[in-house]
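Asks: If you scroll down you'll find the structure; I have some questions about it.
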Amino acid sequence: MTQQECPVSFPERFYKEQKNAKVDSRIVFIRDSLKLIMDLYRHGDMSTVTWDTNKFEQFMVTMHRQMDELNNCVSTTSKADRRLTRYYRKLRRTLYKEGSSSVSLELIRKETKRHLQMLDLLMVNTSQRVSAGSQ
């Protein structure tokens with residue numbers, strides 16, 4: 001992974017806001033975040049990276065399956081917060097400004113890892129909330 005910092009600041013406030021949101025809103029946030037993360041990779045030229053292509057394909061399939069499963073939990077008409085969509089659009093534009101360089105893709109991978117860690121914590125917290133019976 002690259003040591004370079006991402007030029008787009010990480011949206012920690014989105015995750016903090018989700019801690020107080022209703023369960024349905026959290027699930028929509030997680031589902032839409034997964035979709036927007038997948039979209040980051042669809043716009044890049046993956047030939048510039050040295051990643052294991054089989055693992056990458058498995059990662060994308062897993063992300064898609066999780067999105068589909070989350071769609072079963074909430075209305076598919078519920079859409080992502082526009083701020084979240086703008087963040088990912090800005091991230092994509094900033095990182096691909098100079099083409100799909102291996103550095104850009106490594107920055108996206110680094111940001112993806114950070115997002116997935118935060119999404120995992122949010123999902124664990126949501127599951128605990130559901131188990132406790134509070135929505």
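Chain lettering (A, B, ...) mirrors the order of the structure tokens, residue numbering begins at 1 for each chain separately, and ligand numbering begins at 1 in order of display.
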Pick out each residue of chain A that DSSP on the backbone tags as helix (DSSP H, G or I); I need them as a PyMOL selection string.
Replies: chain A and resi 12-19+23-42+46-48+53-71+82-95+102-132
Asks: What's the 9 Å shell around Val28 in chain A, counting only C-alpha atoms, without same-chain residues fewer than 4 positions away, as a list in words?
Replies: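 Here the qualifying residues turn out to be Val23, Asp24, Asp32, Ser33, Leu70, Asn71, Cys73, Val74, Ser75, Thr76, Ser78, Lys79 and Ala80 of chain A.
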Asks: If we count only C-alpha atoms and set the cut-off at 12 Å, which residues sit around Glu57 in chain A, ignoring sequence neighbours fewer than 5 positions away in its own chain? Please answer as a compact mmCIF listing (two decimals) with all heavy atoms, in the first residue's frame.
Replies:
```txt
# COMPACT_ATOMS: atom_id res chain seq x y z
N MET A 38 -17.70 -0.01 -5.12
CA MET A 38 -17.56 -0.82 -6.33
C MET A 38 -17.42 0.05 -7.58
O MET A 38 -16.63 -0.25 -8.47
CB MET A 38 -18.76 -1.75 -6.48
CG MET A 38 -18.76 -2.90 -5.51
SD MET A 38 -20.21 -3.94 -5.66
CE MET A 38 -20.08 -4.52 -7.33
N TYR A 41 -13.91 1.22 -8.56
CA TYR A 41 -13.07 0.26 -9.27
C TYR A 41 -13.52 0.06 -10.71
O TYR A 41 -12.71 -0.27 -11.57
CB TYR A 41 -13.05 -1.08 -8.53
CG TYR A 41 -12.32 -0.98 -7.22
CD1 TYR A 41 -13.02 -0.81 -6.03
CD2 TYR A 41 -10.93 -1.02 -7.17
CE1 TYR A 41 -12.35 -0.70 -4.82
CE2 TYR A 41 -10.26 -0.91 -5.96
CZ TYR A 41 -10.98 -0.75 -4.79
OH TYR A 41 -10.31 -0.63 -3.60
N ARG A 42 -14.78 0.27 -10.97
CA ARG A 42 -15.28 0.10 -12.34
C ARG A 42 -14.77 1.18 -13.28
O ARG A 42 -14.78 1.01 -14.49
CB ARG A 42 -16.80 0.11 -12.34
CG ARG A 42 -17.37 -1.15 -11.76
CD ARG A 42 -18.84 -1.26 -12.08
NE ARG A 42 -19.36 -2.47 -11.50
CZ ARG A 42 -20.33 -2.51 -10.59
NH1 ARG A 42 -20.89 -1.40 -10.17
NH2 ARG A 42 -20.74 -3.65 -10.10
N MET A 46 -7.61 -1.36 -14.51
CA MET A 46 -7.03 -2.27 -13.53
C MET A 46 -5.75 -2.93 -14.03
O MET A 46 -5.08 -3.63 -13.28
CB MET A 46 -8.05 -3.34 -13.14
CG MET A 46 -9.34 -2.77 -12.57
SD MET A 46 -9.08 -1.58 -11.22
CE MET A 46 -8.46 -2.66 -9.97
N TRP A 51 -2.24 -6.44 -8.41
CA TRP A 51 -3.11 -7.21 -7.53
C TRP A 51 -3.41 -8.57 -8.14
O TRP A 51 -3.44 -8.73 -9.36
CB TRP A 51 -4.42 -6.49 -7.28
CG TRP A 51 -4.31 -5.11 -6.73
CD1 TRP A 51 -3.23 -4.57 -6.07
CD2 TRP A 51 -5.28 -4.08 -6.79
NE1 TRP A 51 -3.49 -3.28 -5.72
CE2 TRP A 51 -4.75 -2.94 -6.15
CE3 TRP A 51 -6.56 -4.01 -7.32
CZ2 TRP A 51 -5.45 -1.75 -6.01
CZ3 TRP A 51 -7.26 -2.82 -7.19
CH2 TRP A 51 -6.71 -1.71 -6.54
N ASP A 52 -3.69 -9.52 -7.30
CA ASP A 52 -4.13 -10.84 -7.73
C ASP A 52 -5.53 -10.68 -8.33
O ASP A 52 -6.47 -10.33 -7.62
CB ASP A 52 -4.15 -11.78 -6.52
CG ASP A 52 -4.57 -13.19 -6.85
OD1 ASP A 52 -5.42 -13.37 -7.76
OD2 ASP A 52 -4.07 -14.11 -6.20
N THR A 62 -18.18 -10.60 -3.92
CA THR A 62 -18.62 -10.56 -2.52
C THR A 62 -19.31 -9.23 -2.21
O THR A 62 -20.36 -9.21 -1.56
CB THR A 62 -17.42 -10.78 -1.57
OG1 THR A 62 -16.84 -12.05 -1.84
CG2 THR A 62 -17.84 -10.71 -0.11
N MET A 63 -18.75 -8.14 -2.70
CA MET A 63 -19.36 -6.83 -2.48
C MET A 63 -20.76 -6.80 -3.12
O MET A 63 -21.71 -6.31 -2.51
CB MET A 63 -18.49 -5.72 -3.08
CG MET A 63 -17.15 -5.55 -2.43
SD MET A 63 -17.21 -4.50 -1.00
CE MET A 63 -17.37 -2.92 -1.79
N HIS A 64 -20.87 -7.32 -4.32
CA HIS A 64 -22.15 -7.32 -5.02
C HIS A 64 -23.17 -8.19 -4.28
O HIS A 64 -24.33 -7.80 -4.11
CB HIS A 64 -21.97 -7.82 -6.46
CG HIS A 64 -23.15 -7.57 -7.31
ND1 HIS A 64 -24.18 -8.47 -7.42
CD2 HIS A 64 -23.50 -6.49 -8.06
CE1 HIS A 64 -25.10 -7.97 -8.22
NE2 HIS A 64 -24.72 -6.78 -8.63
```
Asks: Could you tell me which of A:Thr53, A:Gln58, A:Ser131, A:Thr94 comes closest to Ile108 in chain A if we count only C-alpha atoms?
Replies: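 Smallest distance to Ile108 in chain A is found for A:Thr94.
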Asks: Name the residues in contact with Met118 in chain A at a cut-off of 12 Å, using only C-alpha atoms, excluding same-chain residues fewer than 6 positions from it; report them as a PyMOL selection string.
Replies: chain A and resi 10-16+18-19+29-30+33-34+111-112+124-125
Asks: Include all heavy atoms and write out the residues we just selected as a short mmCIF file (atom, residue, chain, number, x, y, z; two decimals), in the first residue's frame.
Replies:
```
data_model
loop_
_atom_site.label_atom_id
_atom_site.label_comp_id
_atom_site.auth_asym_id
_atom_site.auth_seq_id
_atom_site.Cartn_x
_atom_site.Cartn_y
_atom_site.Cartn_z
N PHE A 10 -11.33 12.06 4.53
CA PHE A 10 -12.21 10.95 4.87
C PHE A 10 -13.45 11.49 5.58
O PHE A 10 -13.35 12.30 6.50
CB PHE A 10 -11.48 9.96 5.77
CG PHE A 10 -12.22 8.69 6.00
CD1 PHE A 10 -12.17 7.68 5.05
CD2 PHE A 10 -12.96 8.48 7.15
CE1 PHE A 10 -12.86 6.49 5.24
CE2 PHE A 10 -13.65 7.30 7.35
CZ PHE A 10 -13.59 6.30 6.40
N PRO A 11 -14.65 11.03 5.20
CA PRO A 11 -15.89 11.58 5.75
C PRO A 11 -16.31 10.94 7.08
O PRO A 11 -17.37 10.32 7.20
CB PRO A 11 -16.91 11.27 4.65
CG PRO A 11 -16.41 9.97 4.09
CD PRO A 11 -14.91 10.08 4.13
N GLU A 12 -15.49 11.10 8.09
CA GLU A 12 -15.79 10.50 9.40
C GLU A 12 -17.15 10.96 9.92
O GLU A 12 -17.84 10.19 10.60
CB GLU A 12 -14.69 10.84 10.39
CG GLU A 12 -13.38 10.14 10.06
CD GLU A 12 -12.29 10.45 11.05
OE1 GLU A 12 -12.58 10.48 12.26
OE2 GLU A 12 -11.15 10.62 10.61
N ARG A 13 -17.54 12.18 9.60
CA ARG A 13 -18.82 12.70 10.10
C ARG A 13 -20.00 11.87 9.62
O ARG A 13 -20.98 11.72 10.33
CB ARG A 13 -18.99 14.17 9.74
CG ARG A 13 -19.21 14.43 8.27
CD ARG A 13 -19.20 15.92 7.93
NE ARG A 13 -19.41 16.14 6.52
CZ ARG A 13 -18.51 15.97 5.57
NH1 ARG A 13 -17.30 15.57 5.88
NH2 ARG A 13 -18.81 16.20 4.31
N PHE A 14 -19.91 11.29 8.42
CA PHE A 14 -20.99 10.44 7.91
C PHE A 14 -21.18 9.23 8.82
O PHE A 14 -22.30 8.84 9.13
CB PHE A 14 -20.71 9.94 6.49
CG PHE A 14 -20.64 11.01 5.44
CD1 PHE A 14 -20.12 10.73 4.20
CD2 PHE A 14 -21.09 12.31 5.67
CE1 PHE A 14 -20.05 11.69 3.20
CE2 PHE A 14 -21.03 13.28 4.68
CZ PHE A 14 -20.51 12.98 3.45
N TYR A 15 -20.07 8.64 9.23
CA TYR A 15 -20.14 7.46 10.09
C TYR A 15 -20.63 7.82 11.48
O TYR A 15 -21.40 7.08 12.09
CB TYR A 15 -18.78 6.76 10.14
CG TYR A 15 -18.42 6.12 8.81
CD1 TYR A 15 -17.62 6.79 7.88
CD2 TYR A 15 -18.91 4.87 8.47
CE1 TYR A 15 -17.32 6.22 6.66
CE2 TYR A 15 -18.62 4.29 7.23
CZ TYR A 15 -17.82 4.97 6.34
OH TYR A 15 -17.53 4.41 5.13
N LYS A 16 -20.21 8.96 11.98
CA LYS A 16 -20.68 9.42 13.29
C LYS A 16 -22.18 9.67 13.27
O LYS A 16 -22.89 9.32 14.20
CB LYS A 16 -19.93 10.68 13.72
CG LYS A 16 -18.50 10.42 14.13
CD LYS A 16 -17.78 11.69 14.52
CE LYS A 16 -16.33 11.37 14.84
NZ LYS A 16 -15.55 12.57 15.11
N GLN A 18 -24.33 8.20 11.40
CA GLN A 18 -25.03 6.93 11.27
C GLN A 18 -25.19 6.20 12.61
O GLN A 18 -26.10 5.41 12.77
CB GLN A 18 -24.32 6.02 10.27
CG GLN A 18 -24.48 6.46 8.84
CD GLN A 18 -25.94 6.54 8.42
OE1 GLN A 18 -26.73 5.65 8.67
NE2 GLN A 18 -26.30 7.64 7.76
N LYS A 19 -24.32 6.50 13.56
CA LYS A 19 -24.43 5.86 14.87
C LYS A 19 -25.76 6.19 15.54
O LYS A 19 -26.27 5.41 16.34
CB LYS A 19 -23.27 6.27 15.77
CG LYS A 19 -21.97 5.62 15.37
CD LYS A 19 -20.86 6.01 16.33
CE LYS A 19 -19.56 5.36 15.89
NZ LYS A 19 -18.45 5.72 16.77
N PHE A 29 -27.29 3.21 4.13
CA PHE A 29 -25.96 3.82 4.08
C PHE A 29 -24.90 2.77 3.76
O PHE A 29 -24.03 2.99 2.90
CB PHE A 29 -25.65 4.49 5.43
CG PHE A 29 -24.28 5.08 5.52
CD1 PHE A 29 -24.02 6.34 5.00
CD2 PHE A 29 -23.25 4.39 6.12
CE1 PHE A 29 -22.75 6.90 5.10
CE2 PHE A 29 -21.98 4.94 6.21
CZ PHE A 29 -21.73 6.19 5.70
N ILE A 30 -24.96 1.63 4.42
CA ILE A 30 -23.98 0.57 4.18
C ILE A 30 -24.10 0.04 2.76
O ILE A 30 -23.11 -0.08 2.04
CB ILE A 30 -24.14 -0.57 5.22
CG1 ILE A 30 -23.78 -0.05 6.62
CG2 ILE A 30 -23.27 -1.77 4.85
CD1 ILE A 30 -24.20 -0.95 7.76
N SER A 33 -22.90 2.64 0.28
CA SER A 33 -21.44 2.79 0.38
C SER A 33 -20.75 1.66 -0.40
O SER A 33 -19.78 1.91 -1.12
CB SER A 33 -20.98 2.78 1.84
OG SER A 33 -21.46 3.91 2.51
N LEU A 34 -21.26 0.44 -0.26
CA LEU A 34 -20.68 -0.68 -0.99
C LEU A 34 -20.80 -0.46 -2.50
O LEU A 34 -19.85 -0.70 -3.25
CB LEU A 34 -21.36 -1.99 -0.59
CG LEU A 34 -21.13 -2.47 0.84
CD1 LEU A 34 -21.95 -3.72 1.12
CD2 LEU A 34 -19.67 -2.69 1.14
N GLU A 111 -8.20 3.74 0.77
CA GLU A 111 -9.45 4.36 1.23
C GLU A 111 -10.55 3.31 1.36
O GLU A 111 -11.35 3.36 2.30
CB GLU A 111 -9.89 5.47 0.27
CG GLU A 111 -9.03 6.71 0.35
CD GLU A 111 -9.01 7.34 1.72
OE1 GLU A 111 -10.07 7.81 2.19
OE2 GLU A 111 -7.93 7.35 2.35
N THR A 112 -10.58 2.36 0.44
CA THR A 112 -11.57 1.29 0.51
C THR A 112 -11.41 0.50 1.81
O THR A 112 -12.40 0.21 2.50
CB THR A 112 -11.44 0.33 -0.69
OG1 THR A 112 -11.72 1.06 -1.89
CG2 THR A 112 -12.37 -0.86 -0.58
N VAL A 124 -21.78 -4.12 12.84
CA VAL A 124 -21.75 -4.82 14.14
C VAL A 124 -22.62 -4.07 15.13
O VAL A 124 -23.45 -4.67 15.84
CB VAL A 124 -20.30 -4.97 14.65
CG1 VAL A 124 -20.27 -5.39 16.11
CG2 VAL A 124 -19.54 -5.97 13.80
N ASN A 125 -22.47 -2.76 15.18
CA ASN A 125 -23.26 -1.94 16.09
C ASN A 125 -24.75 -2.04 15.74
O ASN A 125 -25.60 -2.12 16.64
CB ASN A 125 -22.77 -0.49 16.03
CG ASN A 125 -23.50 0.41 16.99
OD1 ASN A 125 -24.57 0.93 16.65
ND2 ASN A 125 -22.95 0.57 18.18
#
```
Asks: With only C-alpha atoms as the atoms that count, which of A:Arg26, A:Arg114, A:Arg129, A:Arg109 lies nearest to Phe56 in chain A?
Replies: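 Closest to Phe56 in chain A, using only C-alpha atoms: A:Arg109.
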Asks: Check the smallest atom-to-atom distance from each of A:Val8, A:Val49, A:Leu36, A:Ala132 to Leu84 in chain A using only C-alpha atoms, then report the winner.
Replies: A:Leu36
